Amino acid sequence: MQREEIWTEKYRPRKLEEVVGQDAIIKNLRSYVRRRNLPHLIFSGPAGVGKTAAAIAMAHELYGETWAENFTELNASDERGIEVVRNQIKNFARTMPIGNAAFKIIFLDEADALTDAAQSALRRTMERYSGTCRFILSCNYSSKIIEPIQSRCSVYRFKSLSYDAIASRIKYIAEIEGLKLTKDAVRAINYVSVGDMRRAVNALQSAAVVSREIKPEMIYEITATARPEEIEELITRALDGKFFEALDKLADLMDDKGISGDEILAQMHRLVINMDIPARKKVELMDRIGEADYRITEGANERIQLDALLASFCLSSDLP
């Protein structure tokens, strides 16, 4: 096993059929490849769900061995201004494609980070060089792309990956790398990844460095994530009015296990939604979790905010 390789790159899909969990989108992209033509595209969705993988897989299938010469990837968050559009993007777009390709592809990752001025310049470039170049804009929020660009593109919205999609890819990698992977370990990887394939593969590789037998405890420890049962115990103690026991559990998670406050809040948010408690209490708890998250984001002390959150849970323990 070549441990020095980054598995997210080593196992990046090279064919559209290898991109999992986005069947409807992949079906449409395959039709573009068959016709050897495509419009300008916007790929929108959360991180790690296959946006970049789909673009690179399309380039491989369209261009074959010359894909690297006819495909360029830029991260718009690195250079957000108008100069990157006027120089790098325009220079690549104006050159003719290599080989028998009909057009080149420019993949702009995190395109929603481009300034409005840069997006306006990009709109003109997309129009002017559409004969020799196609643009694929990848973003988390398509609403941050200006309307004139959206109207020139076909928009595809990628969804968070399902348990089955992540499990199938993780099992495939584990089989090739000779790892022993239990069902509980797969569930743990799915839990910590939150629908993000990159995070899932990175968690698997990090655990593989420690042992070829992957166990759930390794996944939670390596990713600095609390077990779901621990977060449930934290919430249950507070709701039962056991404030100091809840504080002890919080101290164990933050001080002994090094789990950050925002990670604990995110896990509490996920767990409260699925807890078997009355709807009114869920609304109450979600509102308080959101308030604590906002305050921490604005710079408040996370330990004080989490202590206050547990106190508010205790005070709500008499709710029906």
# chains A, B, ... in the order shown; residues from 1 in each chain; ligands from 1

call {"tool": "closest_atom_pairs", "arguments": {"of": "segment 135-242 of chain A", "to": "segment 107-130 of chain A", "cutoff": "10 Å", "atoms": "only C-alpha atoms", "output": "JSON lines"}}
result
{"residue": "A:Phe135", "atom": "CA", "partner": "A:Phe107", "partner_atom": "CA", "distance": 6.0}
{"residue": "A:Ile136", "atom": "CA", "partner": "A:Phe107", "partner_atom": "CA", "distance": 4.8}
{"residue": "A:Leu137", "atom": "CA", "partner": "A:Leu108", "partner_atom": "CA", "distance": 4.8}
{"residue": "A:Ser138", "atom": "CA", "partner": "A:Asp109", "partner_atom": "CA", "distance": 4.8}
{"residue": "A:Cys139", "atom": "CA", "partner": "A:Glu110", "partner_atom": "CA", "distance": 4.7}
{"residue": "A:Asn140", "atom": "CA", "partner": "A:Glu110", "partner_atom": "CA", "distance": 7.1}
{"residue": "A:Tyr141", "atom": "CA", "partner": "A:Asp112", "partner_atom": "CA", "distance": 6.7}
{"residue": "A:Ser142", "atom": "CA", "partner": "A:Asp112", "partner_atom": "CA", "distance": 7.1}
{"residue": "A:Ser143", "atom": "CA", "partner": "A:Asp112", "partner_atom": "CA", "distance": 8.3}
{"residue": "A:Lys144", "atom": "CA", "partner": "A:Asp112", "partner_atom": "CA", "distance": 5.3}
{"residue": "A:Ile145", "atom": "CA", "partner": "A:Asp112", "partner_atom": "CA", "distance": 5.7}
{"residue": "A:Ile146", "atom": "CA", "partner": "A:Gln119", "partner_atom": "CA", "distance": 7.0}
{"residue": "A:Glu147", "atom": "CA", "partner": "A:Arg123", "partner_atom": "CA", "distance": 10.0}
{"residue": "A:Pro148", "atom": "CA", "partner": "A:Arg123", "partner_atom": "CA", "distance": 7.0}
{"residue": "A:Ile149", "atom": "CA", "partner": "A:Arg123", "partner_atom": "CA", "distance": 5.7}
{"residue": "A:Gln150", "atom": "CA", "partner": "A:Arg123", "partner_atom": "CA", "distance": 9.5}
{"residue": "A:Arg152", "atom": "CA", "partner": "A:Arg123", "partner_atom": "CA", "distance": 8.4}
{"residue": "A:Cys153", "atom": "CA", "partner": "A:Met126", "partner_atom": "CA", "distance": 9.9}

call {"tool": "residues_around", "arguments": {"residues": "Phe243 of chain A", "least_positions_apart": "3", "cutoff": "9 Å", "atoms": "only C-alpha atoms", "output": "PyMOL selection string"}}
result
chain A and resi 237-240+246-248+310-311+313-314

call {"tool": "atom_distance", "arguments": {"atom1": "atom CA of Val186 of chain A", "atom2": "atom CA of Pro216 of chain A"}}
result
7.8 Å

call {"tool": "closest_residue", "arguments": {"among": "A:Ala53, A:Ala203, A:Ala208, A:Ile235", "to": "Gly178 of chain A", "atoms": "only C-alpha atoms"}}
result
A:Ala208

call {"tool": "closest_residue", "arguments": {"among": "A:Ser162, A:Asn70, A:Asn91, A:Thr182", "to": "Arg134 of chain A", "atoms": "only C-alpha atoms"}}
result
A:Asn70

call {"tool": "closest_residue", "arguments": {"among": "A:Ile304, A:Ile42, A:Ile106, A:Leu309", "to": "Thr72 of chain A", "atoms": "only C-alpha atoms"}}
result
A:Ile106

call {"tool": "atom_distance", "arguments": {"atom1": "atom CA of Glu65 of chain A", "atom2": "atom CA of Ile105 of chain A"}}
result
14.7 Å

call {"tool": "closest_residue", "arguments": {"among": "A:Leu315, A:Ala165, A:Leu204, A:Ala102", "to": "Lys281 of chain A", "atoms": "only C-alpha atoms"}}
result
A:Leu315

call {"tool": "residues_around", "arguments": {"residues": "Ala174 of chain A", "least_positions_apart": "6", "cutoff": "10 Å", "atoms": "only C-alpha atoms", "output": "count of residues only"}}
result
10

call {"tool": "residues_around", "arguments": {"residues": "Tyr63 of chain A", "least_positions_apart": "2", "cutoff": "12 Å", "atoms": "only C-alpha atoms", "output": "ChimeraX atom specification"}}
result
/A:14-15,33,36-37,56-61,65-71,97-105

call {"tool": "residues_around", "arguments": {"residues": "segment 276-278 of chain A", "least_positions_apart": "3", "cutoff": "12 Å", "atoms": "only C-alpha atoms", "output": "list of chain:residue names"}}
result
A:Glu232, A:Ile235, A:Thr236, A:Leu239, A:Leu271, A:Val272, A:Ile273, A:Lys281, A:Lys282, A:Val283, A:Glu284, A:Leu285, A:Ser317, A:Leu319, A:Pro320

call {"tool": "select_by_dssp", "arguments": {"residues": "segment 142-289 of chain A", "states": "alpha helix (DSSP H)", "output": "PyMOL selection string"}}
result
chain A and resi 147-150+163-177+183-193+197-210+216-222+228-239+243-251+261-274+279-289

call {"tool": "write_last_selection", "arguments": {"atoms": "C-alpha atoms", "output": "mmCIF file, in the first residue's frame"}}
result
data_model
loop_
_atom_site.group_PDB
_atom_site.id
_atom_site.type_symbol
_atom_site.label_atom_id
_atom_site.label_comp_id
_atom_site.auth_asym_id
_atom_site.auth_seq_id
_atom_site.Cartn_x
_atom_site.Cartn_y
_atom_site.Cartn_z
ATOM 1 C CA GLU A 147 -28.222 36.373 -13.115
ATOM 2 C CA PRO A 148 -26.669 37.106 -16.549
ATOM 3 C CA ILE A 149 -24.264 34.191 -16.051
ATOM 4 C CA GLN A 150 -26.954 31.875 -14.703
ATOM 5 C CA TYR A 163 -25.349 6.392 3.121
ATOM 6 C CA ASP A 164 -25.380 3.819 0.309
ATOM 7 C CA ALA A 165 -23.349 6.052 -2.041
ATOM 8 C CA ILE A 166 -20.609 6.640 0.546
ATOM 9 C CA ALA A 167 -20.638 3.044 1.757
ATOM 10 C CA SER A 168 -20.207 1.611 -1.750
ATOM 11 C CA ARG A 169 -17.184 3.812 -2.519
ATOM 12 C CA ILE A 170 -15.579 3.248 0.893
ATOM 13 C CA LYS A 171 -15.965 -0.538 0.577
ATOM 14 C CA TYR A 172 -14.482 -0.391 -2.932
ATOM 15 C CA ILE A 173 -11.382 1.489 -1.699
ATOM 16 C CA ALA A 174 -11.032 -0.762 1.362
ATOM 17 C CA GLU A 175 -11.105 -3.877 -0.841
ATOM 18 C CA ILE A 176 -8.375 -2.554 -3.142
ATOM 19 C CA GLU A 177 -6.203 -1.417 -0.219
ATOM 20 C CA LYS A 183 -20.403 -2.475 9.204
ATOM 21 C CA ASP A 184 -20.036 -0.375 12.354
ATOM 22 C CA ALA A 185 -16.929 1.280 10.888
ATOM 23 C CA VAL A 186 -18.831 2.089 7.671
ATOM 24 C CA ARG A 187 -21.632 3.627 9.747
ATOM 25 C CA ALA A 188 -19.070 5.664 11.705
ATOM 26 C CA ILE A 189 -17.460 6.963 8.489
ATOM 27 C CA ASN A 190 -20.885 7.869 7.143
ATOM 28 C CA TYR A 191 -21.731 9.716 10.364
ATOM 29 C CA VAL A 192 -18.561 11.810 10.468
ATOM 30 C CA SER A 193 -18.606 12.569 6.720
ATOM 31 C CA MET A 197 -17.157 11.875 0.067
ATOM 32 C CA ARG A 198 -13.822 13.680 0.458
ATOM 33 C CA ARG A 199 -14.176 13.671 4.231
ATOM 34 C CA ALA A 200 -15.156 9.990 4.192
ATOM 35 C CA VAL A 201 -12.139 8.936 2.099
ATOM 36 C CA ASN A 202 -9.770 11.044 4.203
ATOM 37 C CA ALA A 203 -11.153 9.451 7.387
ATOM 38 C CA LEU A 204 -10.609 5.989 5.930
ATOM 39 C CA GLN A 205 -7.014 6.765 4.900
ATOM 40 C CA SER A 206 -6.180 8.307 8.277
ATOM 41 C CA ALA A 207 -7.478 5.196 10.042
ATOM 42 C CA ALA A 208 -5.615 2.908 7.612
ATOM 43 C CA VAL A 209 -2.321 4.508 8.644
ATOM 44 C CA VAL A 210 -2.973 3.306 12.214
ATOM 45 C CA PRO A 216 -15.491 2.795 14.716
ATOM 46 C CA GLU A 217 -13.517 4.144 17.694
ATOM 47 C CA MET A 218 -10.590 4.941 15.394
ATOM 48 C CA ILE A 219 -12.809 6.931 13.038
ATOM 49 C CA TYR A 220 -14.323 9.055 15.819
ATOM 50 C CA GLU A 221 -10.922 9.667 17.438
ATOM 51 C CA ILE A 222 -9.082 10.540 14.218
ATOM 52 C CA PRO A 228 -23.670 9.890 18.679
ATOM 53 C CA GLU A 229 -24.400 8.137 21.972
ATOM 54 C CA GLU A 230 -22.188 10.602 23.841
ATOM 55 C CA ILE A 231 -23.994 13.625 22.409
ATOM 56 C CA GLU A 232 -27.340 12.004 23.171
ATOM 57 C CA GLU A 233 -26.197 11.385 26.744
ATOM 58 C CA LEU A 234 -25.145 15.049 27.033
ATOM 59 C CA ILE A 235 -28.556 16.273 25.869
ATOM 60 C CA THR A 236 -30.495 13.735 27.947
ATOM 61 C CA ARG A 237 -28.685 14.678 31.160
ATOM 62 C CA ALA A 238 -29.485 18.347 30.593
ATOM 63 C CA LEU A 239 -33.141 17.655 29.753
ATOM 64 C CA PHE A 243 -26.986 20.171 35.053
ATOM 65 C CA PHE A 244 -23.681 19.312 36.744
ATOM 66 C CA GLU A 245 -23.619 15.830 35.244
ATOM 67 C CA ALA A 246 -24.155 17.434 31.814
ATOM 68 C CA LEU A 247 -21.274 19.828 32.527
ATOM 69 C CA ASP A 248 -19.035 16.868 33.407
ATOM 70 C CA LYS A 249 -19.922 15.205 30.110
ATOM 71 C CA LEU A 250 -19.225 18.421 28.209
ATOM 72 C CA ALA A 251 -15.835 18.747 29.931
ATOM 73 C CA GLY A 261 -17.562 23.631 20.527
ATOM 74 C CA ASP A 262 -18.893 24.199 17.017
ATOM 75 C CA GLU A 263 -18.555 20.483 16.257
ATOM 76 C CA ILE A 264 -20.528 19.623 19.393
ATOM 77 C CA LEU A 265 -23.227 22.099 18.382
ATOM 78 C CA ALA A 266 -23.398 20.642 14.870
ATOM 79 C CA GLN A 267 -23.797 17.146 16.290
ATOM 80 C CA MET A 268 -26.434 18.316 18.767
ATOM 81 C CA HIS A 269 -28.338 19.884 15.894
ATOM 82 C CA ARG A 270 -28.278 16.605 13.925
ATOM 83 C CA LEU A 271 -29.315 14.543 16.932
ATOM 84 C CA VAL A 272 -32.139 16.731 18.281
ATOM 85 C CA ILE A 273 -33.951 16.498 14.932
ATOM 86 C CA ASN A 274 -34.118 12.698 15.259
ATOM 87 C CA ALA A 279 -42.276 18.599 18.513
ATOM 88 C CA ARG A 280 -42.669 21.675 20.724
ATOM 89 C CA LYS A 281 -39.565 20.758 22.697
ATOM 90 C CA LYS A 282 -37.601 20.122 19.492
ATOM 91 C CA VAL A 283 -38.467 23.624 18.301
ATOM 92 C CA GLU A 284 -37.387 25.079 21.625
ATOM 93 C CA LEU A 285 -34.061 23.227 21.623
ATOM 94 C CA MET A 286 -33.293 23.980 17.975
ATOM 95 C CA ASP A 287 -33.884 27.675 18.597
ATOM 96 C CA ARG A 288 -31.431 27.659 21.504
ATOM 97 C CA ILE A 289 -28.801 25.676 19.575
#

call {"tool": "residues_around", "arguments": {"residues": "Arg35 of chain A", "least_positions_apart": "4", "cutoff": "12 Å", "atoms": "only C-alpha atoms", "output": "PyMOL selection string"}}
result
chain A and resi 28-31+39+61-62+102

call {"tool": "write_last_selection", "arguments": {"atoms": "N, CA and C atoms", "output": "PDB file, in the first residue's frame"}}
result
ATOM      1  N   ASN A  28     -27.559  13.036 -17.542  1.00  0.00           N
ATOM      2  CA  ASN A  28     -27.547  14.172 -18.473  1.00  0.00           C
ATOM      3  C   ASN A  28     -26.141  14.467 -18.993  1.00  0.00           C
ATOM      4  N   LEU A  29     -25.148  14.376 -18.105  1.00  0.00           N
ATOM      5  CA  LEU A  29     -23.777  14.644 -18.522  1.00  0.00           C
ATOM      6  C   LEU A  29     -23.298  13.604 -19.534  1.00  0.00           C
ATOM      7  N   ARG A  30     -23.755  12.370 -19.375  1.00  0.00           N
ATOM      8  CA  ARG A  30     -23.391  11.334 -20.347  1.00  0.00           C
ATOM      9  C   ARG A  30     -23.914  11.675 -21.735  1.00  0.00           C
ATOM     10  N   SER A  31     -25.115  12.255 -21.775  1.00  0.00           N
ATOM     11  CA  SER A  31     -25.683  12.620 -23.085  1.00  0.00           C
ATOM     12  C   SER A  31     -24.849  13.704 -23.759  1.00  0.00           C
ATOM     13  N   PRO A  39     -23.242  22.711 -23.169  1.00  0.00           N
ATOM     14  CA  PRO A  39     -23.385  24.148 -22.932  1.00  0.00           C
ATOM     15  C   PRO A  39     -22.475  24.578 -21.784  1.00  0.00           C
ATOM     16  N   GLU A  61     -13.479  11.654 -20.644  1.00  0.00           N
ATOM     17  CA  GLU A  61     -14.256  10.945 -21.660  1.00  0.00           C
ATOM     18  C   GLU A  61     -14.334  11.725 -22.971  1.00  0.00           C
ATOM     19  N   LEU A  62     -14.327  13.044 -22.893  1.00  0.00           N
ATOM     20  CA  LEU A  62     -14.392  13.855 -24.114  1.00  0.00           C
ATOM     21  C   LEU A  62     -13.074  13.871 -24.879  1.00  0.00           C
ATOM     22  N   ALA A 102     -13.332  19.832 -30.165  1.00  0.00           N
ATOM     23  CA  ALA A 102     -14.082  20.959 -30.722  1.00  0.00           C
ATOM     24  C   ALA A 102     -13.975  22.194 -29.842  1.00  0.00           C
TER      25      ALA A 102
END

call {"tool": "residues_around", "arguments": {"residues": "Ser160 of chain A", "least_positions_apart": "4", "cutoff": "8 Å", "atoms": "only C-alpha atoms", "output": "PyMOL selection string"}}
result
chain A and resi 45-46+49+194-196

call {"tool": "closest_residue", "arguments": {"among": "A:Arg34, A:Leu161, A:Ser151, A:Cys133", "to": "Gly50 of chain A", "atoms": "only C-alpha atoms"}}
result
A:Leu161

call {"tool": "select_by_dssp", "arguments": {"residues": "segment 66-255 of chain A", "states": "strand (DSSP E)", "output": "VMD selection string"}}
result
chain A and resid 71 to 75 104 to 109 133 to 139 153 to 157 180 to 181 213 to 214

call {"tool": "atom_distance", "arguments": {"atom1": "atom CA of Met254 of chain A", "atom2": "atom CA of Thr223 of chain A"}}
result
13.8 Å

call {"tool": "decode", "arguments": {"residues": "segment 107-141 of chain A", "atoms": "C-alpha atoms", "output": "CSV table (one decimal), in the first residue's frame"}}
result
chain,number,residue,atom,x,y,z
A,107,PHE,CA,-13.5,24.7,-14.7
A,108,LEU,CA,-13.9,27.5,-12.2
A,109,ASP,CA,-14.0,26.1,-8.6
A,110,GLU,CA,-15.7,28.2,-5.9
A,111,ALA,CA,-17.0,30.6,-8.6
A,112,ASP,CA,-19.3,32.1,-6.0
A,113,ALA,CA,-16.2,33.8,-4.5
A,114,LEU,CA,-15.7,35.9,-7.6
A,115,THR,CA,-16.5,39.6,-7.2
A,116,ASP,CA,-19.4,41.1,-9.1
A,117,ALA,CA,-17.0,43.0,-11.4
A,118,ALA,CA,-15.1,39.7,-12.2
A,119,GLN,CA,-18.4,37.9,-12.8
A,120,SER,CA,-19.5,40.7,-15.2
A,121,ALA,CA,-16.2,40.4,-17.1
A,122,LEU,CA,-16.5,36.6,-17.1
A,123,ARG,CA,-20.0,36.9,-18.7
A,124,ARG,CA,-18.5,38.8,-21.7
A,125,THR,CA,-15.7,36.2,-22.0
A,126,MET,CA,-18.2,33.4,-22.0
A,127,GLU,CA,-20.1,35.0,-24.9
A,128,ARG,CA,-17.1,36.0,-27.0
A,129,TYR,CA,-15.2,32.6,-26.8
A,130,SER,CA,-18.1,30.2,-26.8
A,131,GLY,CA,-16.9,28.8,-30.1
A,132,THR,CA,-13.6,27.5,-28.7
A,133,CYS,CA,-14.3,27.2,-24.9
A,134,ARG,CA,-17.0,26.0,-22.5
A,135,PHE,CA,-17.2,27.0,-18.8
A,136,ILE,CA,-18.1,24.9,-15.9
A,137,LEU,CA,-18.7,27.0,-12.7
A,138,SER,CA,-18.6,25.1,-9.4
A,139,CYS,CA,-20.1,26.8,-6.4
A,140,ASN,CA,-21.8,26.1,-3.0
A,141,TYR,CA,-24.5,28.7,-3.6
